[in-house]
Amino acid sequence: MINYKADRRQFLKYSSLGVAAVTFPQILLANNKIVKSYSNANFKADVELEFTAKSAFIQILNHGNKTKVQKFYAKVLKGDPNTLLQLKDNYLGPVINLQQGQKVRVFFNNQLGEPSIIHWHGLHVPERSDGHPMYAIQSGEQYIYEFEVLNRAGTNFYHSHTHGETGRQVYNGLSSMIKVTDEHEQKLELPSGQYDLPLVIQDRSFDTDNQLSYVSRMPQKMMGFLGEMILVNGKPNIEFSVKSRAYRFRALNGSNSRIYKLGWEDGTPMVVIATDGGLLEKPETRPYIMLAPAERVDLWLDFSGRKLGEELKLYSLPFEGTMPTMYGRMGMMRSSGIEQGSKFKIASFKITEKVSNSPKLPKRLATIIRFSEKNINNLNNIIPIGLSMRRMSPRLNGKSFSMDRVTKMEQVELGSHKKIKIFHEHDSGGRMGMMGGMMAMAHPIHLHGQQYQILSRHYQGSDEDAYATVKHGFIDNGWKDTVLVMPDEEIEIIKPFEDYKGFFLYHCHNLEHEDLGMMRQFYVG
Ligand code: C2O
Ligand code: CU
Ligand code: CU
């Protein structure tokens, strides 16, 4: 085992407007390996995992060559071997199964030949274990994470978070799912085991040699990567064999920029039991569900009463209004991928076994204590997150990401609850103002740290017809960490900043936007 000493030196000198450069406590091991760690000898881990990121060749397409990817390999060093569910022959990393209250230590080895760091998207963990890009390690180094699982039961997402390279690295394969369970959820007896399945949806483009191709040029990058092919759980044309009973499918949009409108081909409504932050109070039935990059919904797919051999198709249904109005007029902005908002099949489900028993959909799933304006301490200075895409640069409050700066507004007191307003910034008048409006597009806005509640969503635009194609698909009354903000929408959220001090990012989860600098951070202190 590794011997390491915790270095308790303050590593960041925080001043009111900026921070000094990061200095890492690091340990040189006998074999010359550099380990970056804030490990605490008093942290008694229940589970220890070892992750290694490296290049690999995986058979993704059904014929022809294997595809070169970047992949997380992992093994359980301590704890329940079922903590990891390996996905065979896959570029996705293993699914991680955690329980509320568990203490987890992760040893992350970077063998990519380039810097990287893992972020546990959705988990509420200390800054040093959150995968902030300032902690990215070089190839050959190791990073040690330690955290306790505070989250309630739900579906989360882990992925590489290397500054400026997140889009490419995630695209190349560095991501997968985290499931968290808790005692409350276990009492509900929801479908489990083989009836509780991941549905990781991603889009990719392959060249004639079966190798991944990614967008690197402006202005396509500004619109985000849109692939030519849909993969589910790392495979094309997926078909699930199911029994005639209820399933829980955990849909995770692991795509860089693509938004899905999940719906059955035959018009059967969709039933959702959980969003980003876990179980809803009660199931929601909708004609379709909007799922933006990094969002999760746990779907209750009930095949009871379906005939043997019957096949159901899950689609992304057509929608409008998420791309800039400019986009349609400028062919040069289009990528070669499937157009955003067009209709395509995601997966099919074939009934291969008739069974007579099925779990029943619970009427109540959980209790969520709603925040109200009484819970916040910034009613008179609501924190703005203004979205803009001026001069080929997507920004937040007019600013690009800076690793070592926070503004006054971005400093929040530990333990506070803040009201935050997310909206599109348009200049009033002038040529650039018009451009600003025409460049507005939908942005999935993600805040690290603790999950938040959505207080309101208002559409203030005039294209009611376009908006009508998406508006019934937002599930806003659970806990969230990523919210899709449509053009001309204004969204208010309440976010708690409890438990951990430090730098917590917020950014657009259109990964091309994030890499282009549409990211900032809060300092909680
Ligand atoms: Cu899933 Cu900062 O990201
Ligand atoms: Cu995150
Ligand atoms: Cu964006």
# chains A, B, ... in the order shown; residues from 1 in each chain; ligands from 1
>>> closest_atom_pairs(of="chain A", to="ligand 2", cutoff="7 Å", atoms="only C-alpha atoms and all ligand atoms", output="JSON lines")
{"residue": "A:His119", "atom": "CA", "partner": "ligand 2", "partner_atom_place_in_ligand_line": "1 (Cu)", "distance": 6.5}
{"residue": "A:Trp120", "atom": "CA", "partner": "ligand 2", "partner_atom_place_in_ligand_line": "1 (Cu)", "distance": 6.4}
{"residue": "A:His121", "atom": "CA", "partner": "ligand 2", "partner_atom_place_in_ligand_line": "1 (Cu)", "distance": 3.6}
{"residue": "A:Gly122", "atom": "CA", "partner": "ligand 2", "partner_atom_place_in_ligand_line": "1 (Cu)", "distance": 5.6}
{"residue": "A:His446", "atom": "CA", "partner": "ligand 2", "partner_atom_place_in_ligand_line": "1 (Cu)", "distance": 6.5}
{"residue": "A:Leu447", "atom": "CA", "partner": "ligand 2", "partner_atom_place_in_ligand_line": "1 (Cu)", "distance": 6.4}
{"residue": "A:His448", "atom": "CA", "partner": "ligand 2", "partner_atom_place_in_ligand_line": "1 (Cu)", "distance": 4.6}
>>> residues_around(residues="A:Ser129", least_positions_apart="6", cutoff="12 Å", atoms="only C-alpha atoms", output="JSON, numbers by chain")
{"A": [36, 37, 38, 39, 104, 105, 106, 107, 108, 117, 118, 119, 120, 121, 123, 135, 136, 143, 144, 145, 146, 147, 148, 149, 448, 449, 500, 501, 502, 503, 504]}
>>> residues_around(residues="stretch 401-403 of chain A", least_positions_apart="6", cutoff="6 Å", atoms="only C-alpha atoms", output="MDAnalysis selection string")
chainID A and resid 517 519:520
>>> residues_near_ligand(ligand="ligand 3", cutoff="7 Å", atoms="only C-alpha atoms and all ligand atoms", output="list of chain:residue names")
A:Pro394, A:Ala442, A:His443, A:Pro444, A:Cys508, A:His509, A:Asn510, A:His513, A:Met518
>>> write_last_selection(atoms="N, CA, C and O atoms", output="PDB file, in the first residue's frame")
ATOM      1  N   PRO A 394     -18.494  32.284 -25.529  1.00  0.00           N
ATOM      2  CA  PRO A 394     -19.610  32.103 -24.601  1.00  0.00           C
ATOM      3  C   PRO A 394     -19.166  32.462 -23.182  1.00  0.00           C
ATOM      4  O   PRO A 394     -18.094  32.050 -22.744  1.00  0.00           O
ATOM      5  N   ALA A 442     -29.847  27.459 -26.189  1.00  0.00           N
ATOM      6  CA  ALA A 442     -30.127  26.826 -24.903  1.00  0.00           C
ATOM      7  C   ALA A 442     -28.813  26.413 -24.240  1.00  0.00           C
ATOM      8  O   ALA A 442     -27.936  25.859 -24.900  1.00  0.00           O
ATOM      9  N   HIS A 443     -28.678  26.702 -22.947  1.00  0.00           N
ATOM     10  CA  HIS A 443     -27.474  26.321 -22.211  1.00  0.00           C
ATOM     11  C   HIS A 443     -27.854  25.500 -20.978  1.00  0.00           C
ATOM     12  O   HIS A 443     -28.644  25.966 -20.155  1.00  0.00           O
ATOM     13  N   PRO A 444     -27.280  24.306 -20.819  1.00  0.00           N
ATOM     14  CA  PRO A 444     -27.484  23.537 -19.582  1.00  0.00           C
ATOM     15  C   PRO A 444     -26.524  24.048 -18.506  1.00  0.00           C
ATOM     16  O   PRO A 444     -25.320  23.853 -18.624  1.00  0.00           O
ATOM     17  N   CYS A 508     -21.505  26.140 -18.065  1.00  0.00           N
ATOM     18  CA  CYS A 508     -22.397  25.539 -19.049  1.00  0.00           C
ATOM     19  C   CYS A 508     -21.908  24.119 -19.272  1.00  0.00           C
ATOM     20  O   CYS A 508     -20.717  23.884 -19.426  1.00  0.00           O
ATOM     21  N   HIS A 509     -22.833  23.149 -19.285  1.00  0.00           N
ATOM     22  CA  HIS A 509     -22.427  21.757 -19.497  1.00  0.00           C
ATOM     23  C   HIS A 509     -22.491  21.351 -20.961  1.00  0.00           C
ATOM     24  O   HIS A 509     -22.350  20.172 -21.292  1.00  0.00           O
ATOM     25  N   ASN A 510     -22.715  22.324 -21.844  1.00  0.00           N
ATOM     26  CA  ASN A 510     -22.370  22.117 -23.237  1.00  0.00           C
ATOM     27  C   ASN A 510     -20.840  22.144 -23.173  1.00  0.00           C
ATOM     28  O   ASN A 510     -20.243  23.182 -22.886  1.00  0.00           O
ATOM     29  N   HIS A 513     -18.822  24.718 -24.878  1.00  0.00           N
ATOM     30  CA  HIS A 513     -18.927  26.034 -24.238  1.00  0.00           C
ATOM     31  C   HIS A 513     -18.056  26.108 -22.992  1.00  0.00           C
ATOM     32  O   HIS A 513     -17.362  27.097 -22.758  1.00  0.00           O
ATOM     33  N   MET A 518     -16.944  29.201 -20.764  1.00  0.00           N
ATOM     34  CA  MET A 518     -18.245  29.530 -20.162  1.00  0.00           C
ATOM     35  C   MET A 518     -18.336  28.847 -18.799  1.00  0.00           C
ATOM     36  O   MET A 518     -19.161  27.962 -18.562  1.00  0.00           O
TER      37      MET A 518
END
>>> select_by_dssp(residues="stretch 62-228 of chain A", states="helix (DSSP H, G or I)", output="number ranges by chain")
A: 81-83, 127-129, 133-135, 166-171, 183-187, 193-195, 220-223
>>> residues_around(residues="A:Glu114", least_positions_apart="2", cutoff="9 Å", atoms="only C-alpha atoms", output="list in words")
Asn110, Gln111, Leu112, Ser116, Ile137, Gln138 and Ser139 of chain A
>>> residues_around(residues="A:Ile376", least_positions_apart="3", cutoff="7 Å", atoms="only C-alpha atoms", output="PDB file with N, CA, C and O atoms, in the first residue's frame")
ATOM      1  N   GLU A 373     -38.486  31.859  -0.155  1.00  0.00           N
ATOM      2  CA  GLU A 373     -37.693  33.070   0.013  1.00  0.00           C
ATOM      3  C   GLU A 373     -37.320  33.294   1.474  1.00  0.00           C
ATOM      4  O   GLU A 373     -36.380  34.018   1.764  1.00  0.00           O
ATOM      5  N   LEU A 379     -32.053  38.291  -0.552  1.00  0.00           N
ATOM      6  CA  LEU A 379     -33.233  38.751  -1.302  1.00  0.00           C
ATOM      7  C   LEU A 379     -32.967  40.055  -2.039  1.00  0.00           C
ATOM      8  O   LEU A 379     -33.522  40.298  -3.104  1.00  0.00           O
ATOM      9  N   HIS A 417     -27.851  30.201   2.025  1.00  0.00           N
ATOM     10  CA  HIS A 417     -28.715  29.754   0.933  1.00  0.00           C
ATOM     11  C   HIS A 417     -28.895  30.967   0.039  1.00  0.00           C
ATOM     12  O   HIS A 417     -29.320  32.012   0.516  1.00  0.00           O
ATOM     13  N   LYS A 418     -28.590  30.819  -1.225  1.00  0.00           N
ATOM     14  CA  LYS A 418     -28.647  31.979  -2.109  1.00  0.00           C
ATOM     15  C   LYS A 418     -29.682  31.791  -3.207  1.00  0.00           C
ATOM     16  O   LYS A 418     -29.815  30.714  -3.790  1.00  0.00           O
ATOM     17  N   LYS A 419     -30.355  32.899  -3.487  1.00  0.00           N
ATOM     18  CA  LYS A 419     -31.209  32.918  -4.667  1.00  0.00           C
ATOM     19  C   LYS A 419     -30.342  33.343  -5.842  1.00  0.00           C
ATOM     20  O   LYS A 419     -29.571  34.309  -5.749  1.00  0.00           O
TER      21      LYS A 419
END
>>> select_by_dssp(residues="stretch 258-480 of chain A", states="strand (DSSP E or B)", output="ChimeraX atom specification")
/A:260-264,270-275,278-286,289-291,296-302,311-316,344-353,383-390,393-396,399,405,411-412,416-424,443-447,452-459,479-480
>>> residues_around(residues="A:Ile238", least_positions_apart="3", cutoff="7 Å", atoms="only C-alpha atoms", output="list in words")
Val232, Lys235, Ala347 and Ser348 of chain A
>>> closest_residue(among="A:Pro293, A:Gly337, A:Gly386, A:Gly227", to="ligand 1", atoms="only C-alpha atoms and all ligand atoms")
A:Pro293
>>> closest_residue(among="A:Ile445, A:Val242, A:Ile491, A:Ile34", to="ligand 1", atoms="only C-alpha atoms and all ligand atoms")
A:Ile445
>>> residues_around(residues="A:Ser388", least_positions_apart="4", cutoff="12 Å", atoms="only C-alpha atoms", output="ChimeraX atom specification")
/A:222,324,392-400,422-427,432-433,435-443,485,487-488,508,513,517-519
>>> write_last_selection(atoms="N, CA and C atoms", output="tab-separated table (two decimals), in the first residue's frame")
chain	number	residue	atom	x	y	z
A	222	MET	N	-18.55	26.60	-31.40
A	222	MET	CA	-19.44	27.53	-30.70
A	222	MET	C	-20.86	26.97	-30.57
A	324	PRO	N	-29.33	28.97	-32.00
A	324	PRO	CA	-29.49	30.39	-32.30
A	324	PRO	C	-30.25	30.59	-33.61
A	392	MET	N	-18.02	35.24	-30.58
A	392	MET	CA	-17.51	33.86	-30.58
A	392	MET	C	-16.94	33.45	-29.24
A	393	SER	N	-17.47	34.04	-28.18
A	393	SER	CA	-16.98	33.67	-26.86
A	393	SER	C	-18.17	33.53	-25.90
A	394	PRO	N	-18.49	32.28	-25.53
A	394	PRO	CA	-19.61	32.10	-24.60
A	394	PRO	C	-19.17	32.46	-23.18
A	395	ARG	N	-19.97	33.26	-22.49
A	395	ARG	CA	-19.54	33.79	-21.19
A	395	ARG	C	-20.62	33.73	-20.13
A	396	LEU	N	-20.17	33.91	-18.88
A	396	LEU	CA	-21.08	34.04	-17.74
A	396	LEU	C	-20.85	35.42	-17.13
A	397	ASN	N	-21.91	36.19	-17.01
A	397	ASN	CA	-21.81	37.57	-16.52
A	397	ASN	C	-20.71	38.34	-17.27
A	398	GLY	N	-20.59	38.07	-18.54
A	398	GLY	CA	-19.63	38.78	-19.38
A	398	GLY	C	-18.19	38.33	-19.20
A	399	LYS	N	-17.96	37.34	-18.37
A	399	LYS	CA	-16.58	36.93	-18.07
A	399	LYS	C	-16.30	35.50	-18.51
A	400	SER	N	-15.03	35.28	-18.80
A	400	SER	CA	-14.56	33.93	-19.10
A	400	SER	C	-13.96	33.32	-17.85
A	422	ILE	N	-30.77	32.94	-13.39
A	422	ILE	CA	-30.04	32.59	-14.61
A	422	ILE	C	-30.85	33.10	-15.80
A	423	PHE	N	-30.22	33.87	-16.65
A	423	PHE	CA	-30.96	34.52	-17.74
A	423	PHE	C	-30.02	34.81	-18.91
A	424	HIS	N	-30.60	35.16	-20.02
A	424	HIS	CA	-29.80	35.51	-21.20
A	424	HIS	C	-29.56	37.00	-21.23
A	425	GLU	N	-28.33	37.36	-21.43
A	425	GLU	CA	-27.99	38.79	-21.51
A	425	GLU	C	-28.04	39.23	-22.96
A	426	HIS	N	-28.84	40.24	-23.22
A	426	HIS	CA	-28.79	40.86	-24.55
A	426	HIS	C	-28.49	42.33	-24.31
A	427	ASP	N	-27.60	42.90	-25.10
A	427	ASP	CA	-27.41	44.36	-25.00
A	427	ASP	C	-28.67	44.99	-25.53
A	432	MET	N	-24.48	44.82	-32.15
A	432	MET	CA	-24.06	43.69	-31.31
A	432	MET	C	-25.22	43.15	-30.49
A	433	GLY	N	-26.11	44.09	-30.11
A	433	GLY	CA	-27.28	43.66	-29.35
A	433	GLY	C	-28.12	42.70	-30.16
A	435	MET	N	-27.11	40.91	-32.63
A	435	MET	CA	-26.33	39.68	-32.77
A	435	MET	C	-26.47	38.84	-31.52
A	436	GLY	N	-26.40	39.52	-30.36
A	436	GLY	CA	-26.51	38.81	-29.09
A	436	GLY	C	-27.81	38.01	-29.05
A	437	GLY	N	-28.91	38.66	-29.43
A	437	GLY	CA	-30.20	37.99	-29.43
A	437	GLY	C	-30.23	36.83	-30.41
A	438	MET	N	-29.68	37.07	-31.60
A	438	MET	CA	-29.73	36.02	-32.61
A	438	MET	C	-28.79	34.87	-32.29
A	439	MET	N	-27.82	35.14	-31.44
A	439	MET	CA	-26.88	34.08	-31.05
A	439	MET	C	-27.37	33.30	-29.83
A	440	ALA	N	-28.47	33.73	-29.22
A	440	ALA	CA	-28.92	33.03	-28.01
A	440	ALA	C	-29.24	31.58	-28.31
A	441	MET	N	-28.76	30.68	-27.46
A	441	MET	CA	-29.11	29.28	-27.60
A	441	MET	C	-29.34	28.68	-26.21
A	442	ALA	N	-29.85	27.46	-26.19
A	442	ALA	CA	-30.13	26.83	-24.90
A	442	ALA	C	-28.81	26.41	-24.24
A	443	HIS	N	-28.68	26.70	-22.95
A	443	HIS	CA	-27.47	26.32	-22.21
A	443	HIS	C	-27.85	25.50	-20.98
A	485	VAL	N	-31.51	26.07	-19.74
A	485	VAL	CA	-32.07	27.42	-19.85
A	485	VAL	C	-32.28	27.71	-21.33
A	487	PRO	N	-33.44	29.76	-24.77
A	487	PRO	CA	-33.37	31.18	-25.13
A	487	PRO	C	-34.62	31.89	-24.62
A	488	ASP	N	-34.45	33.09	-24.12
A	488	ASP	CA	-35.55	33.91	-23.59
A	488	ASP	C	-36.18	33.34	-22.32
A	508	CYS	N	-21.50	26.14	-18.07
A	508	CYS	CA	-22.40	25.54	-19.05
A	508	CYS	C	-21.91	24.12	-19.27
A	513	HIS	N	-18.82	24.72	-24.88
A	513	HIS	CA	-18.93	26.03	-24.24
A	513	HIS	C	-18.06	26.11	-22.99
A	517	GLY	N	-14.61	28.55	-22.16
A	517	GLY	CA	-14.52	29.51	-21.06
A	517	GLY	C	-15.84	29.88	-20.41
A	518	MET	N	-16.94	29.20	-20.76
A	518	MET	CA	-18.25	29.53	-20.16
A	518	MET	C	-18.34	28.85	-18.80
A	519	MET	N	-17.44	29.27	-17.92
A	519	MET	CA	-17.30	28.66	-16.60
A	519	MET	C	-16.76	29.71	-15.64
>>> closest_residue(among="A:Ala466, A:Gly478, A:Ile494, A:Lys243", to="A:Asn378", atoms="only C-alpha atoms")
A:Ile494
>>> atom_distance(atom1="atom CA of A:Val355", atom2="atom CA of A:Glu310")
14.0 Å
>>> atom_distance(atom1="atom CA of A:Lys66", atom2="atom CA of A:Pro236")
13.7 Å
>>> closest_atom_pairs(of="stretch 161-276 of chain A", to="stretch 86-97 of chain A", cutoff="7 Å", atoms="only C-alpha atoms", output="tab-separated table")
residue	atom	partner	partner_atom	distance
A:Gly173	CA	A:Tyr91	CA	5.3
A:Leu174	CA	A:Leu92	CA	6.7
A:Ser175	CA	A:Leu92	CA	5.9
A:Ser176	CA	A:Gly93	CA	5.2
A:Met177	CA	A:Val95	CA	5.0
A:Ile178	CA	A:Ile96	CA	4.6
A:Lys179	CA	A:Asn97	CA	4.9
A:Val180	CA	A:Asn97	CA	6.0
A:Gly234	CA	A:Asn90	CA	5.9
>>> closest_atom_pairs(of="stretch 70-106 of chain A", to="stretch 150-160 of chain A", cutoff="8 Å", atoms="only C-alpha atoms", output="CSV")
residue,atom,partner,partner_atom,distance
A:Gln99,CA,A:Ala153,CA,7.7
A:Gln100,CA,A:Leu150,CA,5.8
A:Gly101,CA,A:Leu150,CA,6.1
>>> write_last_selection(atoms="N, CA, C and O atoms", output="short mmCIF file (atom, residue, chain, number, x, y, z; two decimals), in the first residue's frame")
data_model
loop_
_atom_site.label_atom_id
_atom_site.label_comp_id
_atom_site.auth_asym_id
_atom_site.auth_seq_id
_atom_site.Cartn_x
_atom_site.Cartn_y
_atom_site.Cartn_z
N GLN A 99 -23.35 4.05 -1.27
CA GLN A 99 -24.45 4.18 -0.31
C GLN A 99 -24.25 5.42 0.52
O GLN A 99 -23.11 5.73 0.90
N GLN A 100 -25.36 6.06 0.84
CA GLN A 100 -25.28 7.23 1.69
C GLN A 100 -24.57 6.86 2.99
O GLN A 100 -24.82 5.80 3.56
N GLY A 101 -23.67 7.73 3.44
CA GLY A 101 -22.95 7.49 4.69
C GLY A 101 -21.61 6.80 4.51
O GLY A 101 -20.79 6.80 5.42
#
>>> closest_residue(among="A:Pro198, A:Pro362, A:Gly64, A:Pro133", to="ligand 1", atoms="only C-alpha atoms and all ligand atoms")
A:Pro133
>>> closest_residue(among="A:Thr268, A:Gln521, A:Thr83, A:Gln102", to="ligand 1", atoms="only C-alpha atoms and all ligand atoms")
A:Gln521
